[in-house]
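Engineer: This is the structure I want to talk about, given as structure tokens.
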Amino acid sequence: MARRAGVDLGGTKIQAVVMDDGGQVLGSSRQPTPTTGGPRDVVAAVAAAVREGVADAGVALESLAGVGVGSPGDVDDRAGTVTSARNLPGWDGSFPVAGVLGEELEVPVSLANDVDVATVAEYELGSGRPYASLLGVFWGTGVGGGIVLDGKLWHGRASAGEIGHMVVKLGGARCPCGRKGCMEAYAGRGAMEARARREVEDGTRTELFKIMHKRGRTRLTSGVFARALEQGDELAVSLIDRAVEALGAAIASAVNLLDVEAVIIGGGLGVRLGTPYAERIERAMLPHLFSDYRPPAVGTAALGDLGGAIGAALLIPAGRPAQAPT
Ligand SMILES: [Zn+2]
């Protein structure tokens with residue numbers, strides 16, 4: 001039977017899975033994304049993650065029908081390239097990921113946008129299964145979004161779903177994208193960390209950075225935020241409260257426009273903080289919903305942090321025969 005591998009190429013980690021035709025995960029592997037070098041080093045790390053995933057699954061590399069990669073940046077599957085993946089090291093230009101990775105592993109490679117594949121994974125195998133239309137919201141370092149309408153992923157002209165850059169406050173906080181008042185400027189983990197650092201410089205006391213150091217981290221990861229919230233850290237609580245309000249306003253605005261049946265909250269923070277926070281986001285949406293008598297279902301991503309890799313594996317059609325060993 002043919003297997004397919006999927007890789008979620010993120011700014012902090014590379015997650016690989018090996019899946020059978022039925023969508024069952026047979027093995028997985030996770031490793032940190034290189035922080036130095038360039039695209040060639042990142043692609044070498046992706047190849048290593050696939051080899052480890054294959055070993056974990058106890059299958060042969062030759063049994064793979066293909067490898068799907070969900071990538072940040074500007075993804076062109078036809079050309080097999082990823083351009084301007086700015087959260088990956090030295091990746092300002094264009095790099096032939098499909099060609100280089102395919103040659104290294106000797107299997108066909110398909111590429112797609114990371115958030116799109118995670119949305120399709122939830123639609124086909126996760127929390128989105130009961131619905132024909134949904135909005136996936138991936139709450140992490142940034143806030144990404146994916147849209148399924150009438151069973152089809154909506155790309156727009158290539159960059160639909162940028163829910164993180166819905167404006168929630170005119171002339172508001174500066175967003176990592178350079179604009180003002182975007183939802184991500186309040187809810188993105190990166191923006192929250194930048195604000196926390198400024199607050200500490202101004203004399204605010206917080207456990208956030210102590211927890212970070214104790215865990216040997218250099219960034220305020222989702223796990224660091226979760227622990228600080230458990231401890232009732234005031235700064236963490238106020239940052240997350242602000243994030244929840246911003247998420248609520250932006251998601252409700254998107255729902256007013258699209259009227260999707262369901263909203264699925266995933267991403268590093270979304271998965272880590274889980275249902276209680278998805279419920280808080282749902283409540284924060286209500287005052288902004290035009291059809292508030294008929295709100296959409298709101299839930300968390302059932303596939304958790306494997307969703308991106310599983311969605312990437314779904315890029316390889318089930319039933320495609322495995323490559324003949326060369
Ligand atoms: Zn923005």
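Going by the structure tokens order, chains are called A, B, ..., each with residues numbered from 1, while ligands are numbered from 1 in the order shown.
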Hey, which residues sit close to ligand 1? Say within 9 Å, counting only C-alpha atoms and all ligand atoms, and write them as a list of chain:residue names.
Structural biologist: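 Taking only C-alpha atoms and all ligand atoms into account, the residues around ligand 1 at most 9 Å away are A:Glu162, A:Gly164, A:His165, A:Met166, A:Val167, A:Arg174, A:Cys175, A:Pro176, A:Cys177, A:Gly178, A:Arg179, A:Lys180, A:Gly181, A:Cys182, A:Met183, A:Glu184, A:Ala185.
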Engineer: Which polymer residues have any atom within 8 Å of an atom of Ser28 of chain A, counting only C-alpha atoms, with same-chain residues fewer than 5 positions away left out, as a PDB file with N, CA, C and O atoms, in the first residue's frame?
Structural biologist:
ATOM      1  N   GLN A  15       7.740  19.755  11.258  1.00  0.00           N
ATOM      2  CA  GLN A  15       6.983  18.574  11.696  1.00  0.00           C
ATOM      3  C   GLN A  15       6.701  17.710  10.484  1.00  0.00           C
ATOM      4  O   GLN A  15       6.148  18.184   9.495  1.00  0.00           O
ATOM      5  N   ALA A  16       7.087  16.432  10.566  1.00  0.00           N
ATOM      6  CA  ALA A  16       6.792  15.507   9.465  1.00  0.00           C
ATOM      7  C   ALA A  16       5.878  14.392   9.957  1.00  0.00           C
ATOM      8  O   ALA A  16       5.962  13.992  11.124  1.00  0.00           O
ATOM      9  N   VAL A  17       4.994  13.922   9.087  1.00  0.00           N
ATOM     10  CA  VAL A  17       4.208  12.715   9.383  1.00  0.00           C
ATOM     11  C   VAL A  17       4.254  11.791   8.181  1.00  0.00           C
ATOM     12  O   VAL A  17       4.453  12.229   7.049  1.00  0.00           O
ATOM     13  N   VAL A  18       4.067  10.512   8.453  1.00  0.00           N
ATOM     14  CA  VAL A  18       3.872   9.532   7.385  1.00  0.00           C
ATOM     15  C   VAL A  18       2.490   8.938   7.601  1.00  0.00           C
ATOM     16  O   VAL A  18       2.140   8.531   8.715  1.00  0.00           O
ATOM     17  N   GLU A  52      13.368  10.551   9.155  1.00  0.00           N
ATOM     18  CA  GLU A  52      13.065  10.146  10.535  1.00  0.00           C
ATOM     19  C   GLU A  52      11.622   9.685  10.682  1.00  0.00           C
ATOM     20  O   GLU A  52      11.337   8.723  11.393  1.00  0.00           O
ATOM     21  N   GLY A  53      10.718  10.405  10.022  1.00  0.00           N
ATOM     22  CA  GLY A  53       9.299  10.030  10.073  1.00  0.00           C
ATOM     23  C   GLY A  53       9.067   8.659   9.471  1.00  0.00           C
ATOM     24  O   GLY A  53       8.301   7.850   9.996  1.00  0.00           O
ATOM     25  N   VAL A  54       9.749   8.407   8.361  1.00  0.00           N
ATOM     26  CA  VAL A  54       9.654   7.118   7.674  1.00  0.00           C
ATOM     27  C   VAL A  54      10.188   6.005   8.584  1.00  0.00           C
ATOM     28  O   VAL A  54       9.578   4.932   8.718  1.00  0.00           O
ATOM     29  N   ASP A  56      10.340   6.139  11.873  1.00  0.00           N
ATOM     30  CA  ASP A  56       9.395   6.019  12.988  1.00  0.00           C
ATOM     31  C   ASP A  56       8.182   5.175  12.586  1.00  0.00           C
ATOM     32  O   ASP A  56       7.634   4.429  13.394  1.00  0.00           O
ATOM     33  N   ALA A  57       7.768   5.315  11.306  1.00  0.00           N
ATOM     34  CA  ALA A  57       6.612   4.549  10.816  1.00  0.00           C
ATOM     35  C   ALA A  57       6.987   3.097  10.518  1.00  0.00           C
ATOM     36  O   ALA A  57       6.117   2.254  10.327  1.00  0.00           O
TER      37      ALA A  57
END
Engineer: Please list as a PDB file with N, CA and C atoms, in the first residue's frame every residue within 12 Å of Val50 of chain A, counting only C-alpha atoms and excluding residues in the same chain fewer than 2 positions away.
Structural biologist:
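In the end it all went to out01.pdb:
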ATOM      1  N   ARG A   4       2.032   8.263   2.162  1.00  0.00           N
ATOM      2  CA  ARG A   4       2.374   9.639   1.777  1.00  0.00           C
ATOM      3  C   ARG A   4       2.938  10.351   2.994  1.00  0.00           C
ATOM      4  N   ALA A   5       3.895  11.202   2.749  1.00  0.00           N
ATOM      5  CA  ALA A   5       4.487  11.971   3.843  1.00  0.00           C
ATOM      6  C   ALA A   5       4.062  13.422   3.707  1.00  0.00           C
ATOM      7  N   GLY A   6       3.946  14.079   4.853  1.00  0.00           N
ATOM      8  CA  GLY A   6       3.609  15.501   4.863  1.00  0.00           C
ATOM      9  C   GLY A   6       4.530  16.236   5.817  1.00  0.00           C
ATOM     10  N   VAL A   7       4.897  17.448   5.433  1.00  0.00           N
ATOM     11  CA  VAL A   7       5.799  18.247   6.260  1.00  0.00           C
ATOM     12  C   VAL A   7       5.198  19.627   6.479  1.00  0.00           C
ATOM     13  N   ASP A   8       5.138  20.015   7.736  1.00  0.00           N
ATOM     14  CA  ASP A   8       4.739  21.372   8.095  1.00  0.00           C
ATOM     15  C   ASP A   8       6.026  22.134   8.384  1.00  0.00           C
ATOM     16  N   LEU A   9       6.362  23.029   7.451  1.00  0.00           N
ATOM     17  CA  LEU A   9       7.606  23.782   7.566  1.00  0.00           C
ATOM     18  C   LEU A   9       7.309  25.098   8.272  1.00  0.00           C
ATOM     19  N   ILE A  14      10.076  21.922  12.278  1.00  0.00           N
ATOM     20  CA  ILE A  14       9.694  21.176  11.088  1.00  0.00           C
ATOM     21  C   ILE A  14       9.024  19.900  11.581  1.00  0.00           C
ATOM     22  N   GLN A  15       7.740  19.755  11.258  1.00  0.00           N
ATOM     23  CA  GLN A  15       6.983  18.574  11.696  1.00  0.00           C
ATOM     24  C   GLN A  15       6.701  17.710  10.484  1.00  0.00           C
ATOM     25  N   ALA A  16       7.087  16.432  10.566  1.00  0.00           N
ATOM     26  CA  ALA A  16       6.792  15.507   9.465  1.00  0.00           C
ATOM     27  C   ALA A  16       5.878  14.392   9.957  1.00  0.00           C
ATOM     28  N   VAL A  17       4.994  13.922   9.087  1.00  0.00           N
ATOM     29  CA  VAL A  17       4.208  12.715   9.383  1.00  0.00           C
ATOM     30  C   VAL A  17       4.254  11.791   8.181  1.00  0.00           C
ATOM     31  N   VAL A  18       4.067  10.512   8.453  1.00  0.00           N
ATOM     32  CA  VAL A  18       3.872   9.532   7.385  1.00  0.00           C
ATOM     33  C   VAL A  18       2.490   8.938   7.601  1.00  0.00           C
ATOM     34  N   MET A  19       1.703   8.938   6.532  1.00  0.00           N
ATOM     35  CA  MET A  19       0.296   8.597   6.640  1.00  0.00           C
ATOM     36  C   MET A  19      -0.045   7.501   5.634  1.00  0.00           C
ATOM     37  N   GLY A  27       3.651   7.359  11.520  1.00  0.00           N
ATOM     38  CA  GLY A  27       4.886   7.771  12.191  1.00  0.00           C
ATOM     39  C   GLY A  27       5.060   9.268  12.048  1.00  0.00           C
ATOM     40  N   SER A  28       5.918   9.840  12.917  1.00  0.00           N
ATOM     41  CA  SER A  28       6.125  11.283  12.849  1.00  0.00           C
ATOM     42  C   SER A  28       7.517  11.639  13.344  1.00  0.00           C
ATOM     43  N   SER A  29       7.896  12.850  13.104  1.00  0.00           N
ATOM     44  CA  SER A  29       9.194  13.334  13.538  1.00  0.00           C
ATOM     45  C   SER A  29       9.136  14.857  13.604  1.00  0.00           C
ATOM     46  N   ARG A  30       9.832  15.417  14.570  1.00  0.00           N
ATOM     47  CA  ARG A  30       9.829  16.870  14.699  1.00  0.00           C
ATOM     48  C   ARG A  30      11.241  17.330  14.978  1.00  0.00           C
ATOM     49  N   GLN A  31      11.656  18.378  14.298  1.00  0.00           N
ATOM     50  CA  GLN A  31      12.949  18.958  14.637  1.00  0.00           C
ATOM     51  C   GLN A  31      12.949  20.465  14.493  1.00  0.00           C
ATOM     52  N   VAL A  43      15.915  22.957   3.557  1.00  0.00           N
ATOM     53  CA  VAL A  43      15.423  21.808   2.792  1.00  0.00           C
ATOM     54  C   VAL A  43      16.151  20.519   3.224  1.00  0.00           C
ATOM     55  N   ALA A  44      17.428  20.617   3.562  1.00  0.00           N
ATOM     56  CA  ALA A  44      18.150  19.444   4.087  1.00  0.00           C
ATOM     57  C   ALA A  44      17.515  18.971   5.397  1.00  0.00           C
ATOM     58  N   ALA A  45      17.106  19.927   6.235  1.00  0.00           N
ATOM     59  CA  ALA A  45      16.445  19.569   7.502  1.00  0.00           C
ATOM     60  C   ALA A  45      15.074  18.943   7.248  1.00  0.00           C
ATOM     61  N   VAL A  46      14.379  19.418   6.214  1.00  0.00           N
ATOM     62  CA  VAL A  46      13.087  18.822   5.841  1.00  0.00           C
ATOM     63  C   VAL A  46      13.300  17.370   5.405  1.00  0.00           C
ATOM     64  N   ALA A  47      14.337  17.138   4.585  1.00  0.00           N
ATOM     65  CA  ALA A  47      14.632  15.770   4.125  1.00  0.00           C
ATOM     66  C   ALA A  47      14.946  14.867   5.318  1.00  0.00           C
ATOM     67  N   ALA A  48      15.709  15.397   6.279  1.00  0.00           N
ATOM     68  CA  ALA A  48      16.049  14.616   7.476  1.00  0.00           C
ATOM     69  C   ALA A  48      14.788  14.278   8.276  1.00  0.00           C
ATOM     70  N   GLU A  52      13.368  10.551   9.155  1.00  0.00           N
ATOM     71  CA  GLU A  52      13.065  10.146  10.535  1.00  0.00           C
ATOM     72  C   GLU A  52      11.622   9.685  10.682  1.00  0.00           C
ATOM     73  N   GLY A  53      10.718  10.405  10.022  1.00  0.00           N
ATOM     74  CA  GLY A  53       9.299  10.030  10.073  1.00  0.00           C
ATOM     75  C   GLY A  53       9.067   8.659   9.471  1.00  0.00           C
ATOM     76  N   VAL A  54       9.749   8.407   8.361  1.00  0.00           N
ATOM     77  CA  VAL A  54       9.654   7.118   7.674  1.00  0.00           C
ATOM     78  C   VAL A  54      10.188   6.005   8.584  1.00  0.00           C
ATOM     79  N   ALA A  55      11.305   6.288   9.259  1.00  0.00           N
ATOM     80  CA  ALA A  55      11.878   5.300  10.181  1.00  0.00           C
ATOM     81  C   ALA A  55      10.928   5.055  11.348  1.00  0.00           C
ATOM     82  N   ASP A  56      10.340   6.139  11.873  1.00  0.00           N
ATOM     83  CA  ASP A  56       9.395   6.019  12.988  1.00  0.00           C
ATOM     84  C   ASP A  56       8.182   5.175  12.586  1.00  0.00           C
ATOM     85  N   ALA A  57       7.768   5.315  11.306  1.00  0.00           N
ATOM     86  CA  ALA A  57       6.612   4.549  10.816  1.00  0.00           C
ATOM     87  C   ALA A  57       6.987   3.097  10.518  1.00  0.00           C
ATOM     88  N   VAL A  59       8.522   2.051   7.818  1.00  0.00           N
ATOM     89  CA  VAL A  59       8.330   1.740   6.399  1.00  0.00           C
ATOM     90  C   VAL A  59       9.581   2.176   5.629  1.00  0.00           C
ATOM     91  N   ALA A  60       9.613   1.819   4.339  1.00  0.00           N
ATOM     92  CA  ALA A  60      10.759   2.197   3.514  1.00  0.00           C
ATOM     93  C   ALA A  60      10.467   3.511   2.801  1.00  0.00           C
ATOM     94  N   LEU A  61      11.505   4.298   2.608  1.00  0.00           N
ATOM     95  CA  LEU A  61      11.369   5.564   1.886  1.00  0.00           C
ATOM     96  C   LEU A  61      10.770   5.325   0.495  1.00  0.00           C
ATOM     97  N   GLU A  62      11.139   4.173  -0.119  1.00  0.00           N
ATOM     98  CA  GLU A  62      10.651   3.858  -1.465  1.00  0.00           C
ATOM     99  C   GLU A  62       9.151   3.608  -1.489  1.00  0.00           C
ATOM    100  N   LEU A  64       6.951   5.536  -0.304  1.00  0.00           N
ATOM    101  CA  LEU A  64       6.210   6.800  -0.346  1.00  0.00           C
ATOM    102  C   LEU A  64       5.756   7.114  -1.770  1.00  0.00           C
ATOM    103  N   GLY A  66       4.693  10.067  -2.385  1.00  0.00           N
ATOM    104  CA  GLY A  66       5.123  11.451  -2.539  1.00  0.00           C
ATOM    105  C   GLY A  66       5.236  12.133  -1.191  1.00  0.00           C
ATOM    106  N   VAL A  67       5.784  13.334  -1.230  1.00  0.00           N
ATOM    107  CA  VAL A  67       5.914  14.159  -0.021  1.00  0.00           C
ATOM    108  C   VAL A  67       5.233  15.497  -0.294  1.00  0.00           C
ATOM    109  N   GLY A  68       4.313  15.885   0.594  1.00  0.00           N
ATOM    110  CA  GLY A  68       3.689  17.208   0.510  1.00  0.00           C
ATOM    111  C   GLY A  68       4.347  18.129   1.522  1.00  0.00           C
ATOM    112  N   VAL A  69       4.532  19.367   1.136  1.00  0.00           N
ATOM    113  CA  VAL A  69       5.136  20.337   2.055  1.00  0.00           C
ATOM    114  C   VAL A  69       4.229  21.554   2.168  1.00  0.00           C
ATOM    115  N   LEU A 101      14.324  18.927  -2.982  1.00  0.00           N
ATOM    116  CA  LEU A 101      13.865  17.901  -2.034  1.00  0.00           C
ATOM    117  C   LEU A 101      13.552  16.596  -2.767  1.00  0.00           C
ATOM    118  N   GLY A 102      12.945  16.720  -3.944  1.00  0.00           N
ATOM    119  CA  GLY A 102      12.603  15.537  -4.740  1.00  0.00           C
ATOM    120  C   GLY A 102      13.841  14.761  -5.157  1.00  0.00           C
ATOM    121  N   GLU A 104      16.749  14.803  -3.560  1.00  0.00           N
ATOM    122  CA  GLU A 104      17.350  14.265  -2.338  1.00  0.00           C
ATOM    123  C   GLU A 104      16.639  12.977  -1.889  1.00  0.00           C
ATOM    124  N   LEU A 105      15.302  12.978  -1.927  1.00  0.00           N
ATOM    125  CA  LEU A 105      14.547  11.834  -1.416  1.00  0.00           C
ATOM    126  C   LEU A 105      14.118  10.863  -2.523  1.00  0.00           C
ATOM    127  N   GLU A 106      14.259  11.292  -3.771  1.00  0.00           N
ATOM    128  CA  GLU A 106      13.819  10.494  -4.917  1.00  0.00           C
ATOM    129  C   GLU A 106      12.340  10.145  -4.864  1.00  0.00           C
ATOM    130  N   VAL A 107      11.522  11.134  -4.488  1.00  0.00           N
ATOM    131  CA  VAL A 107      10.062  10.985  -4.527  1.00  0.00           C
ATOM    132  C   VAL A 107       9.472  12.295  -5.066  1.00  0.00           C
ATOM    133  N   VAL A 109       7.367  15.672  -5.112  1.00  0.00           N
ATOM    134  CA  VAL A 109       7.086  16.627  -4.039  1.00  0.00           C
ATOM    135  C   VAL A 109       6.006  17.606  -4.496  1.00  0.00           C
ATOM    136  N   ALA A 309       1.037  19.173   9.040  1.00  0.00           N
ATOM    137  CA  ALA A 309       1.758  18.081   8.382  1.00  0.00           C
ATOM    138  C   ALA A 309       0.784  17.099   7.742  1.00  0.00           C
ATOM    139  N   ALA A 313       0.401  16.130   3.771  1.00  0.00           N
ATOM    140  CA  ALA A 313       0.374  14.769   3.229  1.00  0.00           C
ATOM    141  C   ALA A 313      -0.829  14.580   2.302  1.00  0.00           C
TER     142      ALA A 313
END
Engineer: Have a look at A:Ser291, A:Thr221, A:Thr119, A:Ser71 and name the one nearest to Leu269 of chain A; count only C-alpha atoms.
Structural biologist: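 Of A:Ser291, A:Thr221, A:Thr119, A:Ser71, the one nearest Leu269 of chain A is A:Thr221, counting only C-alpha atoms.
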Engineer: Might you pull out every residue within 9 Å of Thr83 of chain A, with only C-alpha atoms counted and same-chain residues fewer than 3 positions away left off, and present them as a ChimeraX atom specification?
Structural biologist: /A:72-76,86,91-96
Engineer: Would you save the residues of that selection, restricted to N, CA, C and O atoms, as an mmCIF file, in the first residue's frame?
Structural biologist:
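Wrote result_33.cif, looks like this:
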data_model
loop_
_atom_site.group_PDB
_atom_site.id
_atom_site.type_symbol
_atom_site.label_atom_id
_atom_site.label_comp_id
_atom_site.auth_asym_id
_atom_site.auth_seq_id
_atom_site.Cartn_x
_atom_site.Cartn_y
_atom_site.Cartn_z
ATOM 1 N N PRO A 72 5.478 28.409 4.573
ATOM 2 C CA PRO A 72 5.153 29.831 4.589
ATOM 3 C C PRO A 72 5.707 30.483 3.326
ATOM 4 O O PRO A 72 6.359 29.820 2.523
ATOM 5 N N GLY A 73 5.467 31.756 3.152
ATOM 6 C CA GLY A 73 5.980 32.468 1.988
ATOM 7 C C GLY A 73 5.056 32.326 0.791
ATOM 8 O O GLY A 73 3.927 31.847 0.904
ATOM 9 N N ASP A 74 5.576 32.705 -0.353
ATOM 10 C CA ASP A 74 4.816 32.687 -1.583
ATOM 11 C C ASP A 74 5.090 31.351 -2.273
ATOM 12 O O ASP A 74 6.197 31.113 -2.741
ATOM 13 N N VAL A 75 4.083 30.472 -2.300
ATOM 14 C CA VAL A 75 4.286 29.104 -2.769
ATOM 15 C C VAL A 75 3.734 28.941 -4.179
ATOM 16 O O VAL A 75 2.570 29.262 -4.426
ATOM 17 N N ASP A 76 4.552 28.445 -5.082
ATOM 18 C CA ASP A 76 4.110 28.174 -6.450
ATOM 19 C C ASP A 76 4.331 26.690 -6.728
ATOM 20 O O ASP A 76 5.453 26.257 -6.999
ATOM 21 N N ARG A 86 9.875 34.734 4.868
ATOM 22 C CA ARG A 86 10.705 35.620 5.701
ATOM 23 C C ARG A 86 10.957 35.123 7.108
ATOM 24 O O ARG A 86 11.884 35.596 7.752
ATOM 25 N N TRP A 91 15.871 33.493 3.442
ATOM 26 C CA TRP A 91 14.942 33.089 2.395
ATOM 27 C C TRP A 91 14.192 34.298 1.848
ATOM 28 O O TRP A 91 12.977 34.376 1.919
ATOM 29 N N ASP A 92 14.910 35.256 1.282
ATOM 30 C CA ASP A 92 14.261 36.428 0.705
ATOM 31 C C ASP A 92 13.917 36.202 -0.759
ATOM 32 O O ASP A 92 12.948 36.741 -1.269
ATOM 33 N N GLY A 93 14.716 35.379 -1.429
ATOM 34 C CA GLY A 93 14.483 35.130 -2.854
ATOM 35 C C GLY A 93 13.609 33.916 -3.061
ATOM 36 O O GLY A 93 12.820 33.528 -2.206
ATOM 37 N N SER A 94 13.766 33.296 -4.248
ATOM 38 C CA SER A 94 12.987 32.140 -4.640
ATOM 39 C C SER A 94 13.877 30.902 -4.582
ATOM 40 O O SER A 94 15.051 30.970 -4.947
ATOM 41 N N PHE A 95 13.338 29.767 -4.113
ATOM 42 C CA PHE A 95 14.137 28.543 -4.042
ATOM 43 C C PHE A 95 13.325 27.355 -4.563
ATOM 44 O O PHE A 95 12.152 27.190 -4.200
ATOM 45 N N PRO A 96 13.962 26.489 -5.411
ATOM 46 C CA PRO A 96 13.244 25.344 -5.996
ATOM 47 C C PRO A 96 13.123 24.178 -5.015
ATOM 48 O O PRO A 96 13.804 23.159 -5.155
#
Engineer: As an exercise, work out the distance from atom CA of Asp114 of chain A to atom CA of Ala312 of chain A in Å and give it to one decimal place.
Structural biologist: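 For atom CA of Asp114 of chain A relative to atom CA of Ala312 of chain A, the distance reads 7.7 Å.
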